[in-house]
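*Asks:* To start, I am sharing the structure in question, which I have written as structure tokens.
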Protein chains: 2
Amino acid sequence: MGRPTMNDVARRAGVSLKTVSRVVNGETTVDPALATRVRAAVAELGYRPNLGATMLRRSDWRTGTIGLLLTDAGDPFSAILHRAVEDEAHPRGVHVMTGSLDENPDRERELATAFARRHTDGLILAPAAADQGYLSHELHPGTPVVFVDRPATGYRADTVVATNRSGAASATRHLIAHGHRRIAFLGAAPRIATARSRRQGYRDAMREAGLPTCEAVDPGPRSPAVTTALLALAEPPTALLTTHHRITVGALRALRHAGLHRRIALVAFGDLPLADLLEPAITVVAQDPAAMGRAAARALFERLDGHDGEPREITIPTTLIPRGSGELTA
Amino acid sequence: MGRPTMNDVARRAGVSLKTVSRVVNGETTVDPALATRVRAAVAELGYRPNLGATMLRRSDWRTGTIGLLLTDAGDPFSAILHRAVEDEAHPRGVHVMTGSLDENPDRERELATAFARRHTDGLILAPAAADQGYLSHELHPGTPVVFVDRPATGYRADTVVATNRSGAASATRHLIAHGHRRIAFLGAAPRIATARSRRQGYRDAMREAGLPTCEAVDPGPRSPAVTTALLALAEPPTALLTTHHRITVGALRALRHAGLHRRIALVAFGDLPLADLLEPAITVVAQDPAAMGRAAARALFERLDGHDGEPREITIPTTLIPRGSGELTA
DNA sequence: GAATAGAGAGACAACGTTGTCTTGCAGTAG
DNA sequence: CTACTGCAAGACAACGTTGTCTCTCTATTC
């Protein structure tokens, strides 16, 4: 009733089970005439080897699958990173299982465990939880992990991160160089590591210039509310540094709504698809999610190929792209 | 050396293999004292059941995994659709494996086969190949398939598509209603089914109005070349209908470069992230990739739950969103 | 023509788990 | 005290495949 097995093929071809196995696995010690008969039977029955049984017998636990846990598979940053990982995996015959974490620590743990149970050969993880110590229990020993976008706590492994701190600092300096003194920082919740680093970079540059800081945390998705509140201050900022895709979009809408988009300077952390076509075009500190994905996948495959050195931290540089919005003067 | 097995747990707890199996599977016919000892041994050894062996024995081929083959996991349409599928799958404890096809028929076949071999419980596929007949041989019998975004040929299954033809027609009529007579259609290669439908919708509306058609096919990624060539015609079009994300972006760049973005009307098929913030804001026929993903996933899970009716065609409506660029007059 | 080597093909066990059958034992009724 | 019931726990086989061992047959050598 189910799929045909090797036994069915063997019966049909009038040979033994083992001979079918040999033919299927391309062993050379089979009589060409028999091999032909076997192949014919395979084709007629539509036989396909049962991967589960093969793995079980071989105790070769490579499934040709890696797990990829991202913030949100639908968000452009994650999507491009995902695609880059896939492009590294495909030539190796490896497939990618993905999961979205939505900044939810429980979901991180749940999905990491589920993927381990499915025997993914390796895991690329953008941490959402505060601690990744649980991985030691859950992962099969020897399963390599690479952290991407954010560093991990409680588990040592290769890590790929952007130059968040220096990137945010250079964005801030850029605004300072254009005469701004009241520069507001709009960031995500500080429990997110990248949000902390970017805030730190902002503080570095502001302290360097002897300027007071002004920081706001985004409450929800794409909300223009924070920006609107900032603009309502007695002495509103003359420049904004937005450090998250959703926050940037919210701020752009708020500025446009207030008619201030040509007055208040803005530098965004992370590039936006049509940023160059807006008026003014948006100055960004571009991350390179494709490079991050490539680097993470390569590091993972090196480990899978047996590399066994100390965990590395791979840094992907950010690039300041002046386009107009960051060059508005105070 | 490898992971501990049930036998290891049994030895450690001083019970039989089968008793461990019973405890692990939550059967009630076990002495509580023994069950406690078994659970302790499981915890101490870090035992995790081997999913492959379980499946083999149970001949219950549900892996709790579905395959999702999309045009390009990095592209916003695919990414949002992917995320919607994941959101339907997650509450069911199902995980998603993805692959990008890049309009490559060989890759479609290769990945579909690979996923079938891995026993994904079902497959959601945005066809790239001209014919999906191969699925009959490759898929395990009973594995449901849902086609999404594009209809399939040679294999009958549920299909989720947008109202491509009527959407393109209404976009064209919208431009005609704003006084345009020379309206150019910019589409993808006609071997892509959605490209054909949209062209058909354009032709419907133009014929209806007794207007001559002007069609161009996009040669490559994000190329502004086609648009530039159109604008160089003796009698250039006064309006453009762009029917693919990449083509829209190329056209926007070309119009901007030529300084004609406030003169030549444009309606785009498929929404763009910052379309409302451009000047003029871009009028679009919005697709709803999230709704398409949800519908496809739901159809798949219905089949997995045993629904056995005729293949359905589910149509997700498109919405014309006037924002400015499509209301420029001739 | 007999002994030997080599190659092709089959028998058998095993991978880690679960379904079925059997065993052992306590408790109850006659 | 014996026979029976019921339940917990173990023995065993099986899922579909591959590694190892053994067997048979042909070709080669003296």
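Letters A, B, ... go to the chains of the structure tokens in the order shown; residues in each chain start at 1; ligands are counted from 1 in the same order.
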Output as a list in words all residues of region 27-131 of chain B that backbone DSSP marks as strand (DSSP E or B).
*Replies:* Thr65, Ile66, Gly67, Leu68, Leu69, Leu70, His95, Val96, Met97, Thr98, Gly99, Ser100, Gly122, Leu123, Ile124 and Leu125 of chain B
*Asks:* Store the residues of this selection in a file with C-alpha atoms, as a short mmCIF file (atom, residue, chain, number, x, y, z; two decimals), in the first residue's frame.
*Replies:*
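result-v3.cif written:
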```cif
data_model
loop_
_atom_site.label_atom_id
_atom_site.label_comp_id
_atom_site.auth_asym_id
_atom_site.auth_seq_id
_atom_site.Cartn_x
_atom_site.Cartn_y
_atom_site.Cartn_z
CA THR B 65 7.55 19.32 8.00
CA ILE B 66 6.17 20.94 4.87
CA GLY B 67 8.12 22.17 1.87
CA LEU B 68 7.73 25.63 0.41
CA LEU B 69 9.24 26.38 -2.98
CA LEU B 70 9.21 30.02 -3.92
CA HIS B 95 8.00 23.31 10.39
CA VAL B 96 8.74 24.78 7.01
CA MET B 97 11.60 23.98 4.64
CA THR B 98 12.09 26.55 1.93
CA GLY B 99 13.82 26.69 -1.40
CA SER B 100 14.27 29.41 -4.01
CA GLY B 122 3.09 18.38 1.99
CA LEU B 123 4.36 20.83 -0.56
CA ILE B 124 3.46 24.40 -1.42
CA LEU B 125 4.90 25.34 -4.78
#
```
*Asks:* List every residue of chain A that has an atom at most 10 Å from any atom of chain D, and for each one report the closest atom pair and its distance in Å to one decimal, counting only C-alpha atoms (C1' of nucleotides), with rows sorted by chain and then by increasing residue number, as CSV.
*Replies:*
```
residue,atom,partner,partner_atom,distance
A:Thr5,CA,D:DG16,C1',6.8
A:Met6,CA,D:DG16,C1',7.5
A:Asn7,CA,D:DG16,C1',8.6
A:Leu17,CA,D:DT17,C1',9.6
A:Lys18,CA,D:DT18,C1',8.3
A:Ser21,CA,D:DT18,C1',7.6
A:Arg22,CA,D:DT18,C1',9.2
A:Asn25,CA,D:DT18,C1',9.8
A:Pro49,CA,D:DT17,C1',8.3
A:Asn50,CA,D:DG16,C1',6.7
A:Leu51,CA,D:DT17,C1',8.7
A:Gly52,CA,D:DG16,C1',8.3
A:Ala53,CA,D:DT17,C1',5.2
A:Thr54,CA,D:DT17,C1',5.0
A:Met55,CA,D:DT17,C1',8.3
A:Leu56,CA,D:DT17,C1',7.9
A:Arg57,CA,D:DT18,C1',6.1
A:Arg58,CA,D:DT18,C1',6.6
```
*Asks:* Keeping only N, CA and C atoms, write those residues as an mmCIF file, in the first residue's frame.
*Replies:*
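Now in again.cif:
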```cif
data_model
loop_
_atom_site.group_PDB
_atom_site.id
_atom_site.type_symbol
_atom_site.label_atom_id
_atom_site.label_comp_id
_atom_site.auth_asym_id
_atom_site.auth_seq_id
_atom_site.Cartn_x
_atom_site.Cartn_y
_atom_site.Cartn_z
ATOM 1 N N THR A 5 9.239 -0.926 -1.457
ATOM 2 C CA THR A 5 10.517 -1.002 -0.740
ATOM 3 C C THR A 5 11.539 -1.725 -1.608
ATOM 4 N N MET A 6 12.738 -1.803 -1.094
ATOM 5 C CA MET A 6 13.779 -2.518 -1.807
ATOM 6 C C MET A 6 13.374 -3.968 -2.039
ATOM 7 N N ASN A 7 12.662 -4.517 -1.094
ATOM 8 C CA ASN A 7 12.211 -5.892 -1.232
ATOM 9 C C ASN A 7 11.286 -6.059 -2.431
ATOM 10 N N LEU A 17 17.524 -8.771 -2.170
ATOM 11 C CA LEU A 17 17.459 -7.443 -1.571
ATOM 12 C C LEU A 17 18.790 -6.714 -1.658
ATOM 13 N N LYS A 18 19.832 -7.427 -1.290
ATOM 14 C CA LYS A 18 21.144 -6.801 -1.195
ATOM 15 C C LYS A 18 21.642 -6.324 -2.558
ATOM 16 N N SER A 21 20.225 -3.059 -3.216
ATOM 17 C CA SER A 21 20.942 -2.063 -2.431
ATOM 18 C C SER A 21 22.232 -1.661 -3.143
ATOM 19 N N ARG A 22 22.940 -2.672 -3.640
ATOM 20 C CA ARG A 22 24.204 -2.375 -4.323
ATOM 21 C C ARG A 22 23.971 -1.505 -5.539
ATOM 22 N N ASN A 25 23.071 2.042 -4.637
ATOM 23 C CA ASN A 25 24.196 2.805 -4.107
ATOM 24 C C ASN A 25 25.374 2.879 -5.072
ATOM 25 N N PRO A 49 14.499 5.425 -2.326
ATOM 26 C CA PRO A 49 15.019 4.924 -1.051
ATOM 27 C C PRO A 49 14.423 5.677 0.129
ATOM 28 N N ASN A 50 14.226 4.987 1.206
ATOM 29 C CA ASN A 50 13.705 5.591 2.429
ATOM 30 C C ASN A 50 14.857 6.170 3.241
ATOM 31 N N LEU A 51 14.901 7.505 3.219
ATOM 32 C CA LEU A 51 16.027 8.191 3.838
ATOM 33 C C LEU A 51 16.138 7.872 5.319
ATOM 34 N N GLY A 52 15.019 7.749 5.984
ATOM 35 C CA GLY A 52 15.031 7.466 7.421
ATOM 36 C C GLY A 52 15.717 6.145 7.718
ATOM 37 N N ALA A 53 15.343 5.134 6.966
ATOM 38 C CA ALA A 53 15.932 3.820 7.193
ATOM 39 C C ALA A 53 17.420 3.845 6.869
ATOM 40 N N THR A 54 17.786 4.547 5.805
ATOM 41 C CA THR A 54 19.195 4.639 5.438
ATOM 42 C C THR A 54 20.005 5.254 6.567
ATOM 43 N N MET A 55 19.498 6.364 7.072
ATOM 44 C CA MET A 55 20.204 7.047 8.148
ATOM 45 C C MET A 55 20.328 6.150 9.367
ATOM 46 N N LEU A 56 19.240 5.486 9.668
ATOM 47 C CA LEU A 56 19.213 4.635 10.848
ATOM 48 C C LEU A 56 20.317 3.586 10.738
ATOM 49 N N ARG A 57 20.363 2.934 9.610
ATOM 50 C CA ARG A 57 21.321 1.855 9.438
ATOM 51 C C ARG A 57 22.745 2.401 9.396
ATOM 52 N N ARG A 58 22.932 3.467 8.663
ATOM 53 C CA ARG A 58 24.286 3.978 8.474
ATOM 54 C C ARG A 58 24.821 4.640 9.728
#
```
*Asks:* Contacts from chain A to chain C, 7 Å maximum, only C-alpha atoms (C1' of nucleotides): show me the residue list as a PDB file with N, CA and C atoms, in the first residue's frame.
*Replies:*
```
ATOM      1  N   SER A  16      18.228 -10.562  -5.182  1.00  0.00           N
ATOM      2  CA  SER A  16      18.125 -10.432  -3.738  1.00  0.00           C
ATOM      3  C   SER A  16      18.079  -8.964  -3.336  1.00  0.00           C
ATOM      4  N   THR A  19      21.320  -7.059  -3.578  1.00  0.00           N
ATOM      5  CA  THR A  19      21.755  -6.654  -4.916  1.00  0.00           C
ATOM      6  C   THR A  19      21.104  -5.327  -5.295  1.00  0.00           C
ATOM      7  N   THR A  29      30.328  -3.847  -8.177  1.00  0.00           N
ATOM      8  CA  THR A  29      30.463  -5.296  -8.206  1.00  0.00           C
ATOM      9  C   THR A  29      29.134  -5.982  -8.516  1.00  0.00           C
ATOM     10  N   VAL A  30      28.450  -5.467  -9.513  1.00  0.00           N
ATOM     11  CA  VAL A  30      27.181  -6.070  -9.906  1.00  0.00           C
ATOM     12  C   VAL A  30      27.210  -6.353 -11.396  1.00  0.00           C
ATOM     13  N   ASP A  31      26.737  -7.480 -11.765  1.00  0.00           N
ATOM     14  CA  ASP A  31      26.651  -7.854 -13.165  1.00  0.00           C
ATOM     15  C   ASP A  31      25.793  -6.837 -13.919  1.00  0.00           C
ATOM     16  N   LEU A  56      19.240   5.486   9.668  1.00  0.00           N
ATOM     17  CA  LEU A  56      19.213   4.635  10.848  1.00  0.00           C
ATOM     18  C   LEU A  56      20.317   3.586  10.738  1.00  0.00           C
ATOM     19  N   ARG A  57      20.363   2.934   9.610  1.00  0.00           N
ATOM     20  CA  ARG A  57      21.321   1.855   9.438  1.00  0.00           C
ATOM     21  C   ARG A  57      22.745   2.401   9.396  1.00  0.00           C
ATOM     22  N   SER A  59      23.966   4.896  10.655  1.00  0.00           N
ATOM     23  CA  SER A  59      24.275   5.756  11.792  1.00  0.00           C
ATOM     24  C   SER A  59      25.145   6.922  11.339  1.00  0.00           C
TER      25      SER A  59
END
```
*Asks:* Measuring atom to atom with only C-alpha atoms, identify which of B:Ile264, B:Gly46, B:Gly309, B:Phe185 is nearest to Leu135 (chain A).
*Replies:*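 Distance minimum relative to Leu135 (chain A) lands on B:Gly46.
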*Asks:* Calculated over only C-alpha atoms, which of the candidates B:Arg83, B:Arg323, B:Arg107, B:Arg246 has the smallest distance to Val285 (chain B)?
*Replies:*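 Selected residue with least distance to Val285 (chain B): B:Arg323.
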*Asks:* Rounded to one decimal in Å, what is the spacing between CA of Arg253 (chain A) and CA of Ile282 (chain A)?
*Replies:*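 Going from CA of Arg253 (chain A) over to CA of Ile282 (chain A), I get 12.8 Å.
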*Asks:* What gap, in Å, lies between CA of Arg196 (chain A) and CA of Glu138 (chain A)?
*Replies:*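 Those two atoms sit 28.3 Å apart.
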*Asks:* Excluding same-chain residues fewer than 4 positions from Gly93 (chain A), what lies within 12 Å of it counting only C-alpha atoms (C1' of nucleotides), as a list of chain:residue names?
*Replies:*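 Contacts, with the query itself left out: A:Arg62, A:Thr63, A:Gly64, A:Thr65, A:Ile66, A:Glu86, A:Asp87, A:Glu88, A:Ala89, A:Phe301, B:Gly99, B:Arg107, B:Glu110, B:Leu111, B:Ala114, B:Phe115.
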*Asks:* Keeping only C-alpha atoms, write those residues as a PDB file, in the first residue's frame.
*Replies:*
```pdb
ATOM      1  CA  ARG A  62      23.851  13.858   8.239  1.00  0.00           C
ATOM      2  CA  THR A  63      20.435  14.841   7.004  1.00  0.00           C
ATOM      3  CA  GLY A  64      21.600  17.453   4.536  1.00  0.00           C
ATOM      4  CA  THR A  65      19.478  19.996   6.354  1.00  0.00           C
ATOM      5  CA  ILE A  66      20.433  23.040   8.377  1.00  0.00           C
ATOM      6  CA  GLU A  86      20.391  29.167   0.874  1.00  0.00           C
ATOM      7  CA  ASP A  87      22.791  30.153  -1.887  1.00  0.00           C
ATOM      8  CA  GLU A  88      25.716  28.788   0.118  1.00  0.00           C
ATOM      9  CA  ALA A  89      23.836  25.634   1.059  1.00  0.00           C
ATOM     10  CA  PHE A 301      30.027  24.503   6.692  1.00  0.00           C
TER      11      PHE A 301
ATOM     12  CA  GLY B  99      13.821  26.686  -1.400  1.00  0.00           C
ATOM     13  CA  ARG B 107      15.810  23.656  -9.720  1.00  0.00           C
ATOM     14  CA  GLU B 110      15.431  19.020  -8.067  1.00  0.00           C
ATOM     15  CA  LEU B 111      14.104  20.643  -4.917  1.00  0.00           C
ATOM     16  CA  ALA B 114      14.724  16.368  -2.557  1.00  0.00           C
ATOM     17  CA  PHE B 115      11.850  17.483  -0.328  1.00  0.00           C
TER      18      PHE B 115
END
```
*Asks:* Expressed in Å to a single decimal, how great is the separation between CA of Gln200 (chain B) and CA of Val145 (chain B)?
*Replies:*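 It comes out at 27.1 Å.
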*Asks:* What residues in region 7-114 of chain A get the DSSP label helix (DSSP H, G or I)? Please answer as a PDB file with C-alpha atoms, in the first residue's frame.
*Replies:*
```pdb
ATOM      1  CA  ASN A   7      12.211  -5.892  -1.232  1.00  0.00           C
ATOM      2  CA  ASP A   8       9.484  -5.174  -3.760  1.00  0.00           C
ATOM      3  CA  VAL A   9      12.102  -4.131  -6.277  1.00  0.00           C
ATOM      4  CA  ALA A  10      14.126  -7.261  -5.539  1.00  0.00           C
ATOM      5  CA  ARG A  11      11.150  -9.532  -6.077  1.00  0.00           C
ATOM      6  CA  ARG A  12      10.228  -7.779  -9.281  1.00  0.00           C
ATOM      7  CA  ALA A  13      13.758  -7.970 -10.647  1.00  0.00           C
ATOM      8  CA  LEU A  17      17.459  -7.443  -1.571  1.00  0.00           C
ATOM      9  CA  LYS A  18      21.144  -6.801  -1.195  1.00  0.00           C
ATOM     10  CA  THR A  19      21.755  -6.654  -4.916  1.00  0.00           C
ATOM     11  CA  VAL A  20      19.175  -3.910  -5.206  1.00  0.00           C
ATOM     12  CA  SER A  21      20.942  -2.063  -2.431  1.00  0.00           C
ATOM     13  CA  ARG A  22      24.204  -2.375  -4.323  1.00  0.00           C
ATOM     14  CA  VAL A  23      22.735  -1.071  -7.550  1.00  0.00           C
ATOM     15  CA  VAL A  24      20.981   1.801  -5.833  1.00  0.00           C
ATOM     16  CA  PRO A  32      25.589  -5.257 -15.747  1.00  0.00           C
ATOM     17  CA  ALA A  33      22.680  -7.406 -16.875  1.00  0.00           C
ATOM     18  CA  LEU A  34      21.323  -7.656 -13.333  1.00  0.00           C
ATOM     19  CA  ALA A  35      21.921  -3.995 -12.716  1.00  0.00           C
ATOM     20  CA  THR A  36      19.854  -3.166 -15.777  1.00  0.00           C
ATOM     21  CA  ARG A  37      17.009  -5.391 -14.598  1.00  0.00           C
ATOM     22  CA  VAL A  38      17.128  -3.776 -11.187  1.00  0.00           C
ATOM     23  CA  ARG A  39      17.078  -0.294 -12.622  1.00  0.00           C
ATOM     24  CA  ALA A  40      14.117  -1.211 -14.767  1.00  0.00           C
ATOM     25  CA  ALA A  41      12.243  -2.502 -11.725  1.00  0.00           C
ATOM     26  CA  VAL A  42      13.120   0.665  -9.810  1.00  0.00           C
ATOM     27  CA  ALA A  43      11.680   2.754 -12.619  1.00  0.00           C
ATOM     28  CA  GLU A  44       8.530   0.652 -13.028  1.00  0.00           C
ATOM     29  CA  LEU A  45       7.673   0.673  -9.358  1.00  0.00           C
ATOM     30  CA  LEU A  51      16.027   8.191   3.838  1.00  0.00           C
ATOM     31  CA  GLY A  52      15.031   7.466   7.421  1.00  0.00           C
ATOM     32  CA  ALA A  53      15.932   3.820   7.193  1.00  0.00           C
ATOM     33  CA  THR A  54      19.195   4.639   5.438  1.00  0.00           C
ATOM     34  CA  MET A  55      20.204   7.047   8.148  1.00  0.00           C
ATOM     35  CA  LEU A  56      19.213   4.635  10.848  1.00  0.00           C
ATOM     36  CA  ARG A  57      21.321   1.855   9.438  1.00  0.00           C
ATOM     37  CA  ARG A  58      24.286   3.978   8.474  1.00  0.00           C
ATOM     38  CA  PRO A  76      13.678  42.235   4.340  1.00  0.00           C
ATOM     39  CA  PHE A  77      16.799  41.895   6.480  1.00  0.00           C
ATOM     40  CA  SER A  78      15.979  38.321   7.446  1.00  0.00           C
ATOM     41  CA  ALA A  79      14.759  37.458   3.967  1.00  0.00           C
ATOM     42  CA  ILE A  80      17.973  38.551   2.285  1.00  0.00           C
ATOM     43  CA  LEU A  81      20.070  36.815   4.909  1.00  0.00           C
ATOM     44  CA  HIS A  82      17.990  33.685   4.397  1.00  0.00           C
ATOM     45  CA  ARG A  83      18.514  33.799   0.685  1.00  0.00           C
ATOM     46  CA  ALA A  84      22.274  34.171   1.106  1.00  0.00           C
ATOM     47  CA  VAL A  85      22.365  31.139   3.392  1.00  0.00           C
ATOM     48  CA  GLU A  86      20.391  29.167   0.874  1.00  0.00           C
ATOM     49  CA  ASP A  87      22.791  30.153  -1.887  1.00  0.00           C
ATOM     50  CA  GLU A  88      25.716  28.788   0.118  1.00  0.00           C
ATOM     51  CA  ALA A  89      23.836  25.634   1.059  1.00  0.00           C
ATOM     52  CA  HIS A  90      22.435  24.712  -2.324  1.00  0.00           C
ATOM     53  CA  PRO A  91      25.704  23.798  -4.081  1.00  0.00           C
ATOM     54  CA  ARG A  92      26.434  21.477  -1.181  1.00  0.00           C
ATOM     55  CA  PRO A 105      12.697  33.625  23.845  1.00  0.00           C
ATOM     56  CA  ASP A 106      10.337  30.674  24.287  1.00  0.00           C
ATOM     57  CA  ARG A 107       9.916  30.323  20.592  1.00  0.00           C
ATOM     58  CA  GLU A 108      13.693  30.346  20.154  1.00  0.00           C
ATOM     59  CA  ARG A 109      14.094  27.479  22.533  1.00  0.00           C
ATOM     60  CA  GLU A 110      11.143  25.566  21.167  1.00  0.00           C
ATOM     61  CA  LEU A 111      12.295  25.813  17.576  1.00  0.00           C
ATOM     62  CA  ALA A 112      15.936  25.061  18.357  1.00  0.00           C
ATOM     63  CA  THR A 113      14.819  21.913  20.178  1.00  0.00           C
ATOM     64  CA  ALA A 114      12.475  20.877  17.391  1.00  0.00           C
TER      65      ALA A 114
END
```
